[in-house]
Amino acid sequence: MEVDPGRVLDLLARLHELTATEAGAQRVAWTPVWARAREWLRSELDALPVTASVDEAGNLWAALPGRSPRSVVVGSHLDSVPDGGWLDGCLGVLAGVEVLRAVAARSAPPALGVTLVDWADEEGARFGRSLFGSSAAAGLLELDSARGLVDRDGVALVDALAEYGVDLVRAGQAAARLRDVAAYVELHIEQGRVLEAAGLAVGVVDGAYGIERHRVNFEGRAAHAGSTPMALRRDALAAGARLALAARDSALARGGVATVGDLRVVPGIATAIPGEATLVLDQRHGDAAALAAMLADARGAAETIGSDEGVAVNWSAIQSVAPVAFDERLVQAAGECVRAVAGETMRVPSGALHDAVMVARAGVPAVMVFVQSLGGISHNRLEDSRPEHLELGVAAVDRLVRRLAAGSDPRS
Ligand SMILES: [Zn+2]
C-alpha cells in the first residue's frame, strides 16, 4: 500500500477550515480552538488500528505496533501562533497520519512500531515559553521557571494546564514515552529562504544552530544636541550602533547570523545626545567553536568601541543554547530517501528551535526534513509552499519511516 501525499493536502485544508479565521490559524495551545483541532485529529485516528493516548505533558501519541517493542516516531505540532499559517507544525503531524495509514494498510506489521506524536505547545504563544511538551519528554523542562509563567490576562500556566488535564509537577513523567524510540523523524516547512534560493523542493536538516543572546548596556553622557561639539561627545547610541555593525561583520565572516532586534535609548529625545543605550545581541551558528568566536569578536569589538567613544560597556547573559547535530546515520538515510523521490537535495541547518532538537537532546537519534517555504514567510497567514513540494516532502518522510521501521535501527 503506497502513501498518498495528496491526502495530506486535503487534511491540511480541512484543519485550516476548522481552526482558522480570515486572519490565519488560531490553534494557540491550551485554548478551545487548539482542543478542537486535537479532537478532530483523534477522530481521524479513530479510523486507524492505532492506540491513541495523551501523556503527562499533554502530548498526543498514536501507536501502531510492530514486531518489536521499539518504534519509529514521526510527528510535529498542531498548535500555532495567533494569526498563523496553514502549514507550520500541522504539516508534520498530518503527514504522520498518512504514513500511519499507509503502514497499517500493508499486510504484515513492520519490524519496529510506527508512532505519531503531536507535541503540546511548541510555539509557546500564550505563555512565552516554547517547546513545552517536547522539553518535558526530554527531561529538560525547568519546573521553577514554568511555575512562574502567566499569560497576558494573568492566568498562570499551571491553571491553564489543569484545565486540559495536565499537572505541571507530573509533566516530566512523559519522558517514559521516549524510552523505546529508535528514531524520530519530523517534516516541517523551512520558514526561511535557503531552499528557495537554491531552487530545491526539499532539504535535509543536519542540526540546529546554537544561540548566544546577551544584553549589552552602553553608558556615555547625555548632553545638549546643539551645544556639544562632536569631539566632546560620549554618545552611547553611536557606540551601540558600531557594535551592531561589528557583530554583523563577524557573522558574515564566520558563516553565522547575528541580529540586534531590540534597542533602547535614554533619554530618547531629539535634542539630547543619548547618555545610555541598551541593545540585545542574538548570535547563532551551527558550530560551537564558531559561535564562541562570534561572541569573542563582539566582546572584543565592544571593548575597542567603548574606549574610542568614551563609553562604559556592560554585558549580561540572557540565554545560551548549544548547537545540536542530528544523528549522522539518520541524516544520510534521510538524504537518500529525499533524493529517491525529489532528485537533488541539500543539507540545511535549522536556525530556529524545533521539537526535534529536544528529542535529539534526550539522546534519541533524530532528523528533520524541510519543505521549501515561498518567500520564507511564516508565522503569518501568507505562509505557503507549492503543493508539489509538500507532496514530495510527505513521500520522502514516508520512505524514510518505512525504511527505519523495516529494522535498520540507527542505534543497532
Ligand atoms: Zn513549527
# chains A, B, ... in the order shown; residues from 1 in each chain; ligands from 1
$ closest_atom_pairs --of "segment 385-404 of chain A" --to "segment 339-346 of chain A" --cutoff "7 Å" --atoms "only C-alpha atoms" --output "Markdown table"
| residue | atom | partner | partner_atom | distance |
| --- | --- | --- | --- | --- |
| A:Leu392 | CA | A:Ala342 | CA | 6.1 |
| A:Ala395 | CA | A:Val341 | CA | 6.8 |
| A:Ala396 | CA | A:Val341 | CA | 6.1 |
$ write_last_selection --atoms "all heavy atoms" --output "PDB file, in the first residue's frame"
ATOM      1  N   LEU A 392       6.175  16.021  -2.187  1.00  0.00           N
ATOM      2  CA  LEU A 392       7.499  15.378  -2.209  1.00  0.00           C
ATOM      3  C   LEU A 392       8.028  15.196  -0.787  1.00  0.00           C
ATOM      4  O   LEU A 392       8.642  14.170  -0.472  1.00  0.00           O
ATOM      5  CB  LEU A 392       8.477  16.218  -3.040  1.00  0.00           C
ATOM      6  CG  LEU A 392       8.235  16.201  -4.557  1.00  0.00           C
ATOM      7  CD1 LEU A 392       9.131  17.238  -5.249  1.00  0.00           C
ATOM      8  CD2 LEU A 392       8.494  14.802  -5.135  1.00  0.00           C
ATOM      9  N   ALA A 395       6.226  12.223   0.732  1.00  0.00           N
ATOM     10  CA  ALA A 395       6.701  10.964   0.143  1.00  0.00           C
ATOM     11  C   ALA A 395       8.085  10.599   0.687  1.00  0.00           C
ATOM     12  O   ALA A 395       8.379   9.427   0.961  1.00  0.00           O
ATOM     13  CB  ALA A 395       6.737  11.079  -1.380  1.00  0.00           C
ATOM     14  N   ALA A 396       8.944  11.597   0.870  1.00  0.00           N
ATOM     15  CA  ALA A 396      10.299  11.335   1.375  1.00  0.00           C
ATOM     16  C   ALA A 396      10.259  10.832   2.816  1.00  0.00           C
ATOM     17  O   ALA A 396      10.964   9.879   3.176  1.00  0.00           O
ATOM     18  CB  ALA A 396      11.151  12.606   1.281  1.00  0.00           C
TER      19      ALA A 396
END
$ select_by_dssp --residues "segment 146-212 of chain A" --states "alpha helix (DSSP H)" --output "MDAnalysis selection string"
chainID A and resid 146:147 157:163 194:198
$ write_last_selection --atoms "all heavy atoms" --output "short mmCIF file (atom, residue, chain, number, x, y, z; two decimals), in the first residue's frame"
data_model
loop_
_atom_site.label_atom_id
_atom_site.label_comp_id
_atom_site.auth_asym_id
_atom_site.auth_seq_id
_atom_site.Cartn_x
_atom_site.Cartn_y
_atom_site.Cartn_z
N ALA A 146 8.83 27.42 34.83
CA ALA A 146 7.50 27.17 34.26
C ALA A 146 6.40 27.58 35.25
O ALA A 146 5.35 28.10 34.85
CB ALA A 146 7.35 25.71 33.87
N ARG A 147 6.64 27.35 36.53
CA ARG A 147 5.65 27.68 37.56
C ARG A 147 5.31 29.17 37.58
O ARG A 147 4.20 29.56 37.89
CB ARG A 147 6.18 27.30 38.94
CG ARG A 147 5.55 26.04 39.47
CD ARG A 147 5.89 25.80 40.92
NE ARG A 147 6.01 24.37 41.13
CZ ARG A 147 7.16 23.74 41.29
NH1 ARG A 147 8.30 24.39 41.29
NH2 ARG A 147 7.17 22.43 41.42
N LEU A 157 0.21 29.46 34.01
CA LEU A 157 0.36 28.27 33.17
C LEU A 157 -0.19 27.04 33.90
O LEU A 157 -0.90 26.22 33.31
CB LEU A 157 1.85 28.06 32.83
CG LEU A 157 2.20 26.74 32.12
CD1 LEU A 157 1.62 26.70 30.71
CD2 LEU A 157 3.70 26.52 32.05
N VAL A 158 0.14 26.93 35.19
CA VAL A 158 -0.30 25.78 35.98
C VAL A 158 -1.83 25.60 35.89
O VAL A 158 -2.32 24.48 35.74
CB VAL A 158 0.07 25.98 37.47
CG1 VAL A 158 -0.12 24.70 38.26
CG2 VAL A 158 1.49 26.47 37.59
N ASP A 159 -2.57 26.72 35.97
CA ASP A 159 -4.03 26.64 35.94
C ASP A 159 -4.55 26.32 34.54
O ASP A 159 -5.51 25.56 34.38
CB ASP A 159 -4.63 27.96 36.44
CG ASP A 159 -4.25 28.21 37.90
OD1 ASP A 159 -4.08 27.22 38.65
OD2 ASP A 159 -4.11 29.39 38.29
N ALA A 160 -3.90 26.91 33.51
CA ALA A 160 -4.32 26.62 32.14
C ALA A 160 -4.08 25.15 31.82
O ALA A 160 -4.91 24.48 31.20
CB ALA A 160 -3.56 27.51 31.16
N LEU A 161 -2.94 24.61 32.26
CA LEU A 161 -2.63 23.20 32.03
C LEU A 161 -3.68 22.32 32.70
O LEU A 161 -4.16 21.34 32.10
CB LEU A 161 -1.25 22.85 32.60
CG LEU A 161 -0.03 23.47 31.91
CD1 LEU A 161 1.24 23.07 32.64
CD2 LEU A 161 0.05 23.04 30.46
N ALA A 162 -4.04 22.67 33.95
CA ALA A 162 -5.00 21.87 34.70
C ALA A 162 -6.33 21.78 33.96
O ALA A 162 -6.99 20.73 33.96
CB ALA A 162 -5.20 22.46 36.09
N GLU A 163 -6.72 22.87 33.28
CA GLU A 163 -7.97 22.85 32.51
C GLU A 163 -7.94 21.80 31.41
O GLU A 163 -8.98 21.33 30.95
CB GLU A 163 -8.16 24.22 31.83
CG GLU A 163 -9.12 25.14 32.55
CD GLU A 163 -9.34 26.38 31.71
OE1 GLU A 163 -9.99 26.31 30.66
OE2 GLU A 163 -8.81 27.44 32.13
N VAL A 194 16.47 29.52 2.19
CA VAL A 194 17.66 28.84 1.66
C VAL A 194 17.29 27.89 0.52
O VAL A 194 17.91 27.90 -0.55
CB VAL A 194 18.40 28.09 2.79
CG1 VAL A 194 19.56 27.26 2.23
CG2 VAL A 194 18.92 29.08 3.84
N LEU A 195 16.24 27.06 0.72
CA LEU A 195 15.86 26.09 -0.31
C LEU A 195 15.32 26.80 -1.55
O LEU A 195 15.61 26.40 -2.68
CB LEU A 195 14.81 25.11 0.23
CG LEU A 195 15.33 24.14 1.30
CD1 LEU A 195 14.18 23.34 1.91
CD2 LEU A 195 16.37 23.18 0.71
N GLU A 196 14.55 27.86 -1.35
CA GLU A 196 14.01 28.61 -2.49
C GLU A 196 15.15 29.21 -3.31
O GLU A 196 15.16 29.11 -4.54
CB GLU A 196 13.09 29.73 -1.99
CG GLU A 196 12.32 30.43 -3.08
CD GLU A 196 11.41 31.52 -2.51
OE1 GLU A 196 11.93 32.46 -1.87
OE2 GLU A 196 10.19 31.42 -2.68
N ALA A 197 16.15 29.77 -2.62
CA ALA A 197 17.28 30.38 -3.33
C ALA A 197 18.06 29.32 -4.10
O ALA A 197 18.63 29.60 -5.16
CB ALA A 197 18.19 31.09 -2.33
N ALA A 198 18.09 28.08 -3.57
CA ALA A 198 18.83 27.01 -4.23
C ALA A 198 17.97 26.30 -5.28
O ALA A 198 18.46 25.41 -5.98
CB ALA A 198 19.31 26.00 -3.18
#
$ residues_around --residues "Arg27 of chain A" --least-positions-apart "6" --cutoff "6 Å" --atoms "only C-alpha atoms" --output "PDB file with N, CA, C and O atoms, in the first residue's frame"
ATOM      1  N   VAL A  33      -9.753  26.447  20.662  1.00  0.00           N
ATOM      2  CA  VAL A  33      -9.563  26.136  19.229  1.00  0.00           C
ATOM      3  C   VAL A  33      -8.522  25.020  19.061  1.00  0.00           C
ATOM      4  O   VAL A  33      -8.668  24.112  18.237  1.00  0.00           O
ATOM      5  N   TRP A  34      -7.464  25.084  19.874  1.00  0.00           N
ATOM      6  CA  TRP A  34      -6.450  24.015  19.854  1.00  0.00           C
ATOM      7  C   TRP A  34      -7.092  22.682  20.256  1.00  0.00           C
ATOM      8  O   TRP A  34      -6.864  21.648  19.614  1.00  0.00           O
ATOM      9  N   ASP A  79      -0.304  22.939  17.311  1.00  0.00           N
ATOM     10  CA  ASP A  79      -0.564  24.296  17.801  1.00  0.00           C
ATOM     11  C   ASP A  79       0.078  25.332  16.870  1.00  0.00           C
ATOM     12  O   ASP A  79       1.022  25.017  16.135  1.00  0.00           O
ATOM     13  N   SER A  80      -0.469  26.540  16.896  1.00  0.00           N
ATOM     14  CA  SER A  80       0.026  27.613  16.014  1.00  0.00           C
ATOM     15  C   SER A  80       0.199  28.884  16.831  1.00  0.00           C
ATOM     16  O   SER A  80      -0.238  28.962  17.977  1.00  0.00           O
TER      17      SER A  80
END
$ closest_atom_pairs --of "chain A" --to "ligand 1" --cutoff "9 Å" --atoms "only C-alpha atoms and all ligand atoms" --output "JSON lines"
{"residue": "A:Ser76", "atom": "CA", "partner": "ligand 1", "partner_atom_place_in_ligand_line": "1 (Zn)", "distance": 7.2}
{"residue": "A:His77", "atom": "CA", "partner": "ligand 1", "partner_atom_place_in_ligand_line": "1 (Zn)", "distance": 6.5}
{"residue": "A:Leu78", "atom": "CA", "partner": "ligand 1", "partner_atom_place_in_ligand_line": "1 (Zn)", "distance": 8.5}
{"residue": "A:Asp79", "atom": "CA", "partner": "ligand 1", "partner_atom_place_in_ligand_line": "1 (Zn)", "distance": 8.2}
{"residue": "A:Ser80", "atom": "CA", "partner": "ligand 1", "partner_atom_place_in_ligand_line": "1 (Zn)", "distance": 7.5}
{"residue": "A:Leu87", "atom": "CA", "partner": "ligand 1", "partner_atom_place_in_ligand_line": "1 (Zn)", "distance": 8.3}
{"residue": "A:Asp88", "atom": "CA", "partner": "ligand 1", "partner_atom_place_in_ligand_line": "1 (Zn)", "distance": 4.6}
{"residue": "A:Gly89", "atom": "CA", "partner": "ligand 1", "partner_atom_place_in_ligand_line": "1 (Zn)", "distance": 4.1}
{"residue": "A:Cys90", "atom": "CA", "partner": "ligand 1", "partner_atom_place_in_ligand_line": "1 (Zn)", "distance": 7.9}
{"residue": "A:Leu91", "atom": "CA", "partner": "ligand 1", "partner_atom_place_in_ligand_line": "1 (Zn)", "distance": 9.0}
{"residue": "A:Gly92", "atom": "CA", "partner": "ligand 1", "partner_atom_place_in_ligand_line": "1 (Zn)", "distance": 8.8}
{"residue": "A:Glu122", "atom": "CA", "partner": "ligand 1", "partner_atom_place_in_ligand_line": "1 (Zn)", "distance": 6.9}
{"residue": "A:Glu123", "atom": "CA", "partner": "ligand 1", "partner_atom_place_in_ligand_line": "1 (Zn)", "distance": 6.9}
{"residue": "A:His188", "atom": "CA", "partner": "ligand 1", "partner_atom_place_in_ligand_line": "1 (Zn)", "distance": 6.7}
{"residue": "A:Ile189", "atom": "CA", "partner": "ligand 1", "partner_atom_place_in_ligand_line": "1 (Zn)", "distance": 7.7}
{"residue": "A:Gln191", "atom": "CA", "partner": "ligand 1", "partner_atom_place_in_ligand_line": "1 (Zn)", "distance": 8.7}
{"residue": "A:Leu353", "atom": "CA", "partner": "ligand 1", "partner_atom_place_in_ligand_line": "1 (Zn)", "distance": 8.7}
{"residue": "A:His354", "atom": "CA", "partner": "ligand 1", "partner_atom_place_in_ligand_line": "1 (Zn)", "distance": 6.6}
{"residue": "A:Asp355", "atom": "CA", "partner": "ligand 1", "partner_atom_place_in_ligand_line": "1 (Zn)", "distance": 8.2}
{"residue": "A:His379", "atom": "CA", "partner": "ligand 1", "partner_atom_place_in_ligand_line": "1 (Zn)", "distance": 8.8}
$ residues_around --residues "segment 38-47 of chain A" --least-positions-apart "5" --cutoff "9 Å" --atoms "only C-alpha atoms" --output "VMD selection string"
chain A and resid 15 18 33 52 60 62 78 94 97 101 118
$ write_last_selection --atoms "N, CA and C atoms" --output "mmCIF file, in the first residue's frame"
data_model
loop_
_atom_site.group_PDB
_atom_site.id
_atom_site.type_symbol
_atom_site.label_atom_id
_atom_site.label_comp_id
_atom_site.auth_asym_id
_atom_site.auth_seq_id
_atom_site.Cartn_x
_atom_site.Cartn_y
_atom_site.Cartn_z
ATOM 1 N N LEU A 15 -8.287 20.977 8.304
ATOM 2 C CA LEU A 15 -7.905 21.527 9.612
ATOM 3 C C LEU A 15 -7.967 23.052 9.581
ATOM 4 N N LEU A 18 -11.402 24.364 9.829
ATOM 5 C CA LEU A 18 -11.968 24.152 11.174
ATOM 6 C C LEU A 18 -11.391 25.106 12.220
ATOM 7 N N VAL A 33 -9.753 26.447 20.662
ATOM 8 C CA VAL A 33 -9.563 26.136 19.229
ATOM 9 C C VAL A 33 -8.522 25.020 19.061
ATOM 10 N N ALA A 52 -4.391 5.418 20.719
ATOM 11 C CA ALA A 52 -4.113 6.835 20.967
ATOM 12 C C ALA A 52 -4.160 7.121 22.463
ATOM 13 N N LEU A 60 0.053 14.170 22.438
ATOM 14 C CA LEU A 60 -0.842 13.119 21.935
ATOM 15 C C LEU A 60 -0.030 12.105 21.127
ATOM 16 N N ALA A 62 -0.095 8.245 18.966
ATOM 17 C CA ALA A 62 -0.919 7.221 18.327
ATOM 18 C C ALA A 62 0.026 6.138 17.830
ATOM 19 N N LEU A 78 0.482 20.493 16.347
ATOM 20 C CA LEU A 78 -0.744 21.078 15.778
ATOM 21 C C LEU A 78 -0.929 22.525 16.200
ATOM 22 N N LEU A 94 0.113 15.820 10.189
ATOM 23 C CA LEU A 94 -0.825 15.206 9.248
ATOM 24 C C LEU A 94 -0.100 14.303 8.247
ATOM 25 N N VAL A 97 -0.058 11.115 10.045
ATOM 26 C CA VAL A 97 -1.331 10.380 9.951
ATOM 27 C C VAL A 97 -1.359 9.555 8.669
ATOM 28 N N ARG A 101 -1.452 5.514 8.116
ATOM 29 C CA ARG A 101 -2.490 4.863 7.305
ATOM 30 C C ARG A 101 -1.873 3.908 6.289
ATOM 31 N N ASP A 118 1.901 14.310 18.445
ATOM 32 C CA ASP A 118 1.549 15.732 18.299
ATOM 33 C C ASP A 118 2.007 16.397 19.596
#
$ residues_around --residues "Asp384 of chain A" --least-positions-apart "5" --cutoff "10 Å" --atoms "only C-alpha atoms" --output "VMD selection string"
chain A and resid 85 to 88 189 191 372 to 378 390
$ write_last_selection --atoms "C-alpha atoms" --output "PDB file, in the first residue's frame"
ATOM      1  CA  GLY A  85      -0.058  29.920   8.704  1.00  0.00           C
ATOM      2  CA  TRP A  86      -1.690  26.711   7.439  1.00  0.00           C
ATOM      3  CA  LEU A  87       1.490  24.579   7.376  1.00  0.00           C
ATOM      4  CA  ASP A  88       3.738  25.333  10.368  1.00  0.00           C
ATOM      5  CA  ILE A 189       8.330  23.854   6.383  1.00  0.00           C
ATOM      6  CA  GLN A 191      10.379  29.086   7.317  1.00  0.00           C
ATOM      7  CA  GLN A 372      10.678  24.912   0.685  1.00  0.00           C
ATOM      8  CA  SER A 373       8.744  27.943   2.013  1.00  0.00           C
ATOM      9  CA  LEU A 374       7.565  30.503  -0.551  1.00  0.00           C
ATOM     10  CA  GLY A 375       9.356  33.760   0.178  1.00  0.00           C
ATOM     11  CA  GLY A 376      10.461  32.321   3.518  1.00  0.00           C
ATOM     12  CA  ILE A 377       7.247  33.698   5.079  1.00  0.00           C
ATOM     13  CA  SER A 378       5.965  32.005   8.247  1.00  0.00           C
ATOM     14  CA  LEU A 390       4.632  19.440   0.075  1.00  0.00           C
TER      15      LEU A 390
END
